[in-house]
Amino acid sequence: MKVSDTRVCVLVIEGTNCEEESYLCFKRLGARPEKVHLKQLTGTDVTSDERRSLSDYQLLVLPGGFSAGDYVRAGAIFAARLRSRLSKDLTEFVREGKPILGICNGFQILVETGLLPAMSGTMSDVPEAVLGTNDSARFECRPTLLKNVNNGNCVFTSRIPIGKISHIPSAHAEGKLMFPVDRAKGIVKELEENDQIVFKYVDSDGRLAGYPWCPNGSTDNIAGVCNRDGNVFGMMPHPERVFFRFTHPDWTRSPDGAGDGRAVFESVLAYISKKM
Amino acid sequence: MAVAEVRVTLKKGVADPEGRNTLKALELLGFEGIREVRSVKVFEVEMGGRKTEVMKRVEEMCTKLLANPVIHNYSIAIK
Amino acid sequence: MSRARRYVPQDVPFELKEINLEEASDDDLLEISRESGTGLSLDEMRRIKDYFAARGRRPTDVELQSIGQAWSEHCCYKSSKVFLREYVFSITNRHVIDRGDAGVMEFDRDHAYALRIESHNHPSAVEPYGGAATGIGGILRDVLCMGARPIALVDPLFFGSLGYPSSRLPEGVKHPKYLLGGVVAGIRDYGNRVGVPTVSGGLWFDDSYVGNCLVNVGCVGIAEKKDVRRNAVKGPGDVLVLVGGRTGRDGIHGVTFASAVLTEESETESRGAVQLGDPIMKEPVMHAVLEANERKLVNGMKDLGGGGLSCVVGEIALAGGCGAEVDLSRVPLKEEGLAPWEIWISESQERMMLSVSPKNLETVLHVFKLWDVPATPVGKVVKEKRVRLFFRDVKVFDLELDFLTAGPEYCRPCEAGEALERRRRERRPKASSRYDRMLLRLLSDSNICNRDWVIRQYDHEVRANTVLKPLQGKTGCWSHGDAAVLKPVEESFRGLAIATASNPFAVNVDPYRGGKACVDEVCRNLAAVGARPHSLTDCLNFGNPEKPERLWQFREAVRGIGEVAKELNLPIPSGNVSFYNESPKGSVLPTPAILGCGLVRDVRKCATSDLKREGNPLYVVGTTSQEMGSSAYYRKTRSYSSRIPNVDIQALKAGLGIVLDGIERGSVVACHDISDGGLAVALAEMCIGGGIGADASLAGLGRMRSDTKLFSESTSRWLVEIRKGKERQLPRNRATSVTKIGHVGGSSLRLTSGKILVDVEVDAMARRFNEPLWKVVG
């Protein structure tokens, strides 16, 4: 499928607020993104012109923000609404190999929905992980360095060399990836074996480091994970904010080249044009 | 009309940054001798129906939305 | 007259009273003003009495309350207008598009930007979290109702010192540490949730703010010119649609609260006047309003802020040359049983009024339905310039707009009085041979040290348009930038720079020069990143204007601000005055906070403050003089001078030209304005951001004391790092000086003037600069 035919659903509800910049990343690369309200997929309060079906799209994006205010828990309300109304559509979408991207709040939603890490099956009945409150108990808006540790499974990072350190900023209050305490070690090991870990927070020398390099205290410094098949991917930091070099936090020191986030969007569009 | 009080607490061993940082803030304000501060989230759900029925439905709310089993325990008290 | 005779209940199935003004004595009038909570003066009450006497009827409580709102200082600027008109309103140029709830300026051929700043002081002093959050909500709506999409938030904050002893706090006053934490959390939780980046601001500490902290919030928005709307109806027949949150008892008498001095009882008495915001109502309101507006379904709109419906209906109708009829029983309520007057003046949050042509009504309601935002037609626009209100088919209000909106205007007594006598003889600090320790003390001063504890809690890059962020530097070595730069239009590299400035210490000693210095500073900040100053908006926080000395401070500061702005052709298309910032402890420092916007031709040419490369030469642009009044150094050493740095307009213009030219040509690779703490602190910050040292000789700055060279806060000065070999490209201008002082390099900052004055490791400076806030509020 040509990139120019690739339809991207950027899904929003009240409180989603990174939809515009996420939408623009795909538009700049020549795809056909569209901002779609959840009600347009469920058919509530909309005219027939406004009605949409998930199956019309090749890529689903859950952008960042504070969906439904992040009350109860980050992403939990959006996730509950997705599960109750679109479970079947979502499962089909993933099984067809179509990619889903969750950034920041989108990652939280994917975890709460059970679409990530989804170590067994497509969508777990209950969440297998959680993105909990940062160790600092504060919102943290800061530059973060991410090392690509994925060995080729994830379709969103195929254009990023293994081991490369990318400058992709974080902005969240609940980004600490956690697993059930008693089984955390085993789960991390399994994720590694499945090649589901994608990005880790590192310092400027590429080493796993504590705060503030890792802004939230995440298990094993994990910043992003994908499902077993590599087509569902969630990350806390914001690649859409560094599409261009001139929005990098230190770009005046090295102004040339593309932004580090661009490769995430290029990778998935390349995957779609090859596979679909 | 019944009121169900849902108490969502963090499981043992799960870090509680909110509690820890509140403790620090209290100490900065000059309170001494605090051993621990734990954060707990409480929801009050007001709804009609028999007690057992309410209990069942609130239980379902907990698994579907109010708590994440990875880090949370919850308890329900009907008032 | 007994209370029972003052108020005559009406025979209707809801609360409605007529007020017996015709028989009221002066004492009764004052009592009625007090009991109604309107705060109207005796003269104003008499005017109301005469108006109704001439019409042979009594006012209803709805009418009296409404007049109280409309004539409050907060709504009609009765004490300040005379000065604003003289010094500020007259500055204009062809880039000004509108002066409404927010000012609107031209951005490029097809786009406009909107800007506004206002205060939310009194509510924040009582309930810091809710007060600050509500402030953000209000300023977003001011920008939104011009048809602009909010793209940046700005928040200058002023508190008592964080180490203030709790035992000395007056009854009912909260500790500055608690207030700072609450206010920052309020801005964070609201601003982050609505997805508008907080890109600039400031944090000032002085004990005059202990009883009355200042929380100013600014917002900048962007719009296509064709989508810009006026805060006006189109004409008779328009439907008035109330959108957003429901109306409740929260926020009753907010404006009259803002127009009074805080007392010890304020906390318990005023809770009703603090509104509670809901960012997750606001976020979809913004979506729906912008969508309806871009689809050309809206004729005009206005925010419900101070005074609630009572102010918005009259103002939006009158601005279109019309009147209105409103059915108050249609207003969606939070709780049953509100009286008509409460509905009419409530300041519940997240509400806006849209004026819509009948043919578009259905589509507008559908757009709001999709976003689950209540939208209710509550009235219609009529030809006659009156407002009539009905509640359950009973007419409860019928006033001519010319009377309602013709608030009084005062020329109150205004004289310097003791303020001038307080200026004492200069007391200089003892000269010393080395200033290493002084520099470190200044770097860790609460008014200078790193603000990252605050800044990093705000999302400053949501929307992905923030090109220059509030913290700049090498990864891991962040220091303060002078201005943030946004790239608001996808198809263009044109940038919008945003900077904040205030200098209450200088304004307190010499309000005229202090006011000038504030404008100078905001212009320096903008130029330092490569932006041409384009417009200003100001929030003027002063004490009780009924005291002649306070009003004199206000007039002088406004005169200073206006003078520099006029010379630079910088319009001030919006602004806000906040008087009565006094507590039992006295007045706050006179505090004008200025938000400046500048235009950048190409954001890819912007400069940041961090030093870039070993060997690059360093220059000072501007002239340093012995003007140490209110400087951070003099305050630290408990010295005194009444000589506040003056602004030489020609030197400022020349400096702006040199810096901008240098940045646009690419010869300037780092630039920082010289302000608090003088040259030494500015250069230290540049070293900290770059993680590299510098070696500079100040001998060339002229003949003066070494500490003056290091710490003077003379205006119109910048430090610039030039790309090696491009030194000749830095333009010169006879109106100011350009002095080479040294070069970048090494691991320490070395400052000499004949002998070594300072030699400190950059790491040591960074530690002292970074730690203070974390230690106190961590």
# chains A, B, ... in the order shown; residues from 1 in each chain; ligands from 1
call {"tool": "interface_residues", "arguments": {"of": "chain A", "to": "chain B", "cutoff": "8 Å", "atoms": "only C-alpha atoms", "output": "number ranges by chain"}}
result
A: 72-73, 76-77, 80, 112, 126-130, 133-137, 178-181
call {"tool": "write_last_selection", "arguments": {"atoms": "C-alpha atoms", "output": "PDB file, in the first residue's frame"}}
result
ATOM      1  CA  VAL A  72      -9.388   7.421  38.661  1.00  0.00           C
ATOM      2  CA  ARG A  73      -6.061   6.469  36.995  1.00  0.00           C
ATOM      3  CA  ALA A  76      -8.312   4.101  32.806  1.00  0.00           C
ATOM      4  CA  ILE A  77     -11.546   5.786  31.745  1.00  0.00           C
ATOM      5  CA  ALA A  80     -12.832   1.219  29.997  1.00  0.00           C
ATOM      6  CA  GLU A 112      -5.172  -0.383  30.954  1.00  0.00           C
ATOM      7  CA  VAL A 126      -7.288  -7.645  33.147  1.00  0.00           C
ATOM      8  CA  PRO A 127      -4.321  -5.266  32.948  1.00  0.00           C
ATOM      9  CA  GLU A 128      -0.973  -7.075  33.262  1.00  0.00           C
ATOM     10  CA  ALA A 129       0.932  -3.920  34.103  1.00  0.00           C
ATOM     11  CA  VAL A 130       0.347  -0.362  35.226  1.00  0.00           C
ATOM     12  CA  THR A 133       2.792   7.669  39.751  1.00  0.00           C
ATOM     13  CA  ASN A 134       6.357   8.864  39.155  1.00  0.00           C
ATOM     14  CA  ASP A 135       8.712   8.326  42.070  1.00  0.00           C
ATOM     15  CA  SER A 136       8.952  12.097  42.432  1.00  0.00           C
ATOM     16  CA  ALA A 137       5.137  12.238  42.752  1.00  0.00           C
ATOM     17  CA  MET A 178       5.236  -1.647  37.047  1.00  0.00           C
ATOM     18  CA  PHE A 179       4.333  -5.345  37.120  1.00  0.00           C
ATOM     19  CA  PRO A 180       2.947  -7.410  39.985  1.00  0.00           C
ATOM     20  CA  VAL A 181       5.651  -7.116  42.642  1.00  0.00           C
TER      21      VAL A 181
END
call {"tool": "interface_residues", "arguments": {"of": "chain C", "to": "chain B", "cutoff": "10 Å", "atoms": "only C-alpha atoms", "output": "number ranges by chain"}}
result
C: 166, 175, 177-178, 181, 775-778
call {"tool": "write_last_selection", "arguments": {"atoms": "C-alpha atoms", "output": "compact mmCIF listing (two decimals), in the first residue's frame"}}
result
# COMPACT_ATOMS: atom_id res chain seq x y z
CA SER C 166 5.59 30.70 60.85
CA HIS C 175 2.82 30.27 54.74
CA LYS C 177 5.82 27.72 51.07
CA TYR C 178 2.28 26.36 51.18
CA GLY C 181 3.23 24.69 46.33
CA LYS C 775 16.16 22.20 49.33
CA VAL C 776 13.26 24.29 50.53
CA VAL C 777 10.27 22.88 48.67
CA GLY C 778 11.70 19.64 47.13
call {"tool": "residues_around", "arguments": {"residues": "Ala4 in chain B", "least_positions_apart": "4", "cutoff": "12 Å", "atoms": "only C-alpha atoms", "output": "ChimeraX atom specification"}}
result
/B:42-59,61-62,75-79
call {"tool": "write_last_selection", "arguments": {"atoms": "C-alpha atoms", "output": "PDB file, in the first residue's frame"}}
result
ATOM      1  CA  VAL B  42     -11.903   6.472  48.222  1.00  0.00           C
ATOM      2  CA  PHE B  43     -14.939   6.543  45.924  1.00  0.00           C
ATOM      3  CA  GLU B  44     -18.500   6.803  47.169  1.00  0.00           C
ATOM      4  CA  VAL B  45     -20.965   5.252  44.774  1.00  0.00           C
ATOM      5  CA  GLU B  46     -24.580   6.121  45.429  1.00  0.00           C
ATOM      6  CA  MET B  47     -27.146   3.859  43.769  1.00  0.00           C
ATOM      7  CA  GLY B  48     -30.478   2.131  44.206  1.00  0.00           C
ATOM      8  CA  GLY B  49     -31.065  -1.595  44.589  1.00  0.00           C
ATOM      9  CA  ARG B  50     -30.710  -4.365  47.150  1.00  0.00           C
ATOM     10  CA  LYS B  51     -27.563  -4.551  49.199  1.00  0.00           C
ATOM     11  CA  THR B  52     -26.316  -7.768  47.640  1.00  0.00           C
ATOM     12  CA  GLU B  53     -27.047  -6.487  44.151  1.00  0.00           C
ATOM     13  CA  VAL B  54     -25.238  -3.195  44.822  1.00  0.00           C
ATOM     14  CA  MET B  55     -22.275  -5.122  46.214  1.00  0.00           C
ATOM     15  CA  LYS B  56     -22.086  -7.213  43.063  1.00  0.00           C
ATOM     16  CA  ARG B  57     -22.237  -4.255  40.719  1.00  0.00           C
ATOM     17  CA  VAL B  58     -19.719  -2.191  42.638  1.00  0.00           C
ATOM     18  CA  GLU B  59     -17.401  -5.202  42.658  1.00  0.00           C
ATOM     19  CA  MET B  61     -16.901  -1.440  38.770  1.00  0.00           C
ATOM     20  CA  CYS B  62     -13.719  -2.138  40.694  1.00  0.00           C
ATOM     21  CA  SER B  75     -12.501  -3.115  49.730  1.00  0.00           C
ATOM     22  CA  ILE B  76     -16.180  -2.250  49.523  1.00  0.00           C
ATOM     23  CA  ALA B  77     -18.358  -1.199  52.430  1.00  0.00           C
ATOM     24  CA  ILE B  78     -22.066  -0.610  51.962  1.00  0.00           C
ATOM     25  CA  LYS B  79     -23.514   2.101  54.134  1.00  0.00           C
TER      26      LYS B  79
END
call {"tool": "select_by_dssp", "arguments": {"residues": "chain B", "states": "strand (DSSP E or B)", "output": "ChimeraX atom specification"}}
result
/B:2-10,41-47,72-78
call {"tool": "atom_distance", "arguments": {"atom1": "CA of Phe711 in chain C", "atom2": "CA of Ser642 in chain C"}}
result
16.1 Å
call {"tool": "interface_residues", "arguments": {"of": "chain C", "to": "chain A", "cutoff": "9 Å", "atoms": "only C-alpha atoms", "output": "PyMOL selection string"}}
result
chain C and resi 188-189+192-196+279-284+287+366+369-372+455-469+471-476+490+603-608+610+612+669-670
call {"tool": "residues_around", "arguments": {"residues": "Gly33 in chain B", "least_positions_apart": "6", "cutoff": "12 Å", "atoms": "only C-alpha atoms", "output": "list in words"}}
result
Leu23, Lys24, Leu26 and Glu27 of chain B
call {"tool": "atom_distance", "arguments": {"atom1": "CA of Cys523 in chain C", "atom2": "CA of Ala152 in chain C"}}
result
18.6 Å
call {"tool": "select_by_dssp", "arguments": {"residues": "range 96-125 of chain A", "states": "helix (DSSP H, G or I)", "output": "mmCIF file with N, CA and C atoms, in the first residue's frame"}}
result
data_model
loop_
_atom_site.group_PDB
_atom_site.id
_atom_site.type_symbol
_atom_site.label_atom_id
_atom_site.label_comp_id
_atom_site.auth_asym_id
_atom_site.auth_seq_id
_atom_site.Cartn_x
_atom_site.Cartn_y
_atom_site.Cartn_z
ATOM 1 N N ASN A 105 -0.172 9.253 27.347
ATOM 2 C CA ASN A 105 -1.491 8.820 27.790
ATOM 3 C C ASN A 105 -1.971 7.642 26.946
ATOM 4 N N GLY A 106 -1.596 7.619 25.670
ATOM 5 C CA GLY A 106 -1.972 6.514 24.792
ATOM 6 C C GLY A 106 -1.371 5.195 25.264
ATOM 7 N N PHE A 107 -0.139 5.238 25.751
ATOM 8 C CA PHE A 107 0.529 4.057 26.312
ATOM 9 C C PHE A 107 -0.240 3.597 27.550
ATOM 10 N N GLN A 108 -0.588 4.566 28.406
ATOM 11 C CA GLN A 108 -1.344 4.227 29.617
ATOM 12 C C GLN A 108 -2.668 3.557 29.241
ATOM 13 N N ILE A 109 -3.297 4.066 28.193
ATOM 14 C CA ILE A 109 -4.574 3.497 27.753
ATOM 15 C C ILE A 109 -4.374 2.068 27.247
ATOM 16 N N LEU A 110 -3.325 1.856 26.453
ATOM 17 C CA LEU A 110 -3.069 0.510 25.916
ATOM 18 C C LEU A 110 -2.815 -0.496 27.035
ATOM 19 N N VAL A 111 -2.110 -0.054 28.077
ATOM 20 C CA VAL A 111 -1.841 -0.954 29.202
ATOM 21 C C VAL A 111 -3.132 -1.236 29.967
ATOM 22 N N GLU A 112 -3.918 -0.194 30.208
ATOM 23 C CA GLU A 112 -5.172 -0.383 30.954
ATOM 24 C C GLU A 112 -6.176 -1.217 30.140
ATOM 25 N N THR A 113 -6.111 -1.131 28.820
ATOM 26 C CA THR A 113 -7.013 -1.905 27.972
ATOM 27 C C THR A 113 -6.603 -3.379 27.930
#
call {"tool": "residues_around", "arguments": {"residues": "Thr500 in chain C", "least_positions_apart": "2", "cutoff": "9 Å", "atoms": "only C-alpha atoms", "output": "list of chain:residue names"}}
result
C:Val154, C:Asp155, C:Pro156, C:Ser200, C:Gly201, C:Gly202, C:Asp482, C:Ala483, C:Ile498, C:Ser502, C:Glu521, C:Val522, C:Asn525, C:Ala593, C:Ile594, C:Leu595, C:Gly596
call {"tool": "atom_distance", "arguments": {"atom1": "CA of Ser346 in chain C", "atom2": "CA of Pro150 in chain C"}}
result
24.9 Å
call {"tool": "residues_around", "arguments": {"residues": "Phe233 in chain A", "least_positions_apart": "2", "cutoff": "9 Å", "atoms": "only C-alpha atoms", "output": "list in words"}}
result
Pro99, Ile100, Leu101, Gly102, Ile103, Phe107, Leu110, Leu116, Pro117, Cys154, Val155, Phe156, Gln196, Val198, Gly224, Val225, Cys226, Asn227, Gly230, Asn231 and Met235 of chain A
call {"tool": "residues_around", "arguments": {"residues": "Val40 in chain B", "least_positions_apart": "5", "cutoff": "7 Å", "atoms": "only C-alpha atoms", "output": "VMD selection string"}}
result
chain B and resid 7 to 9
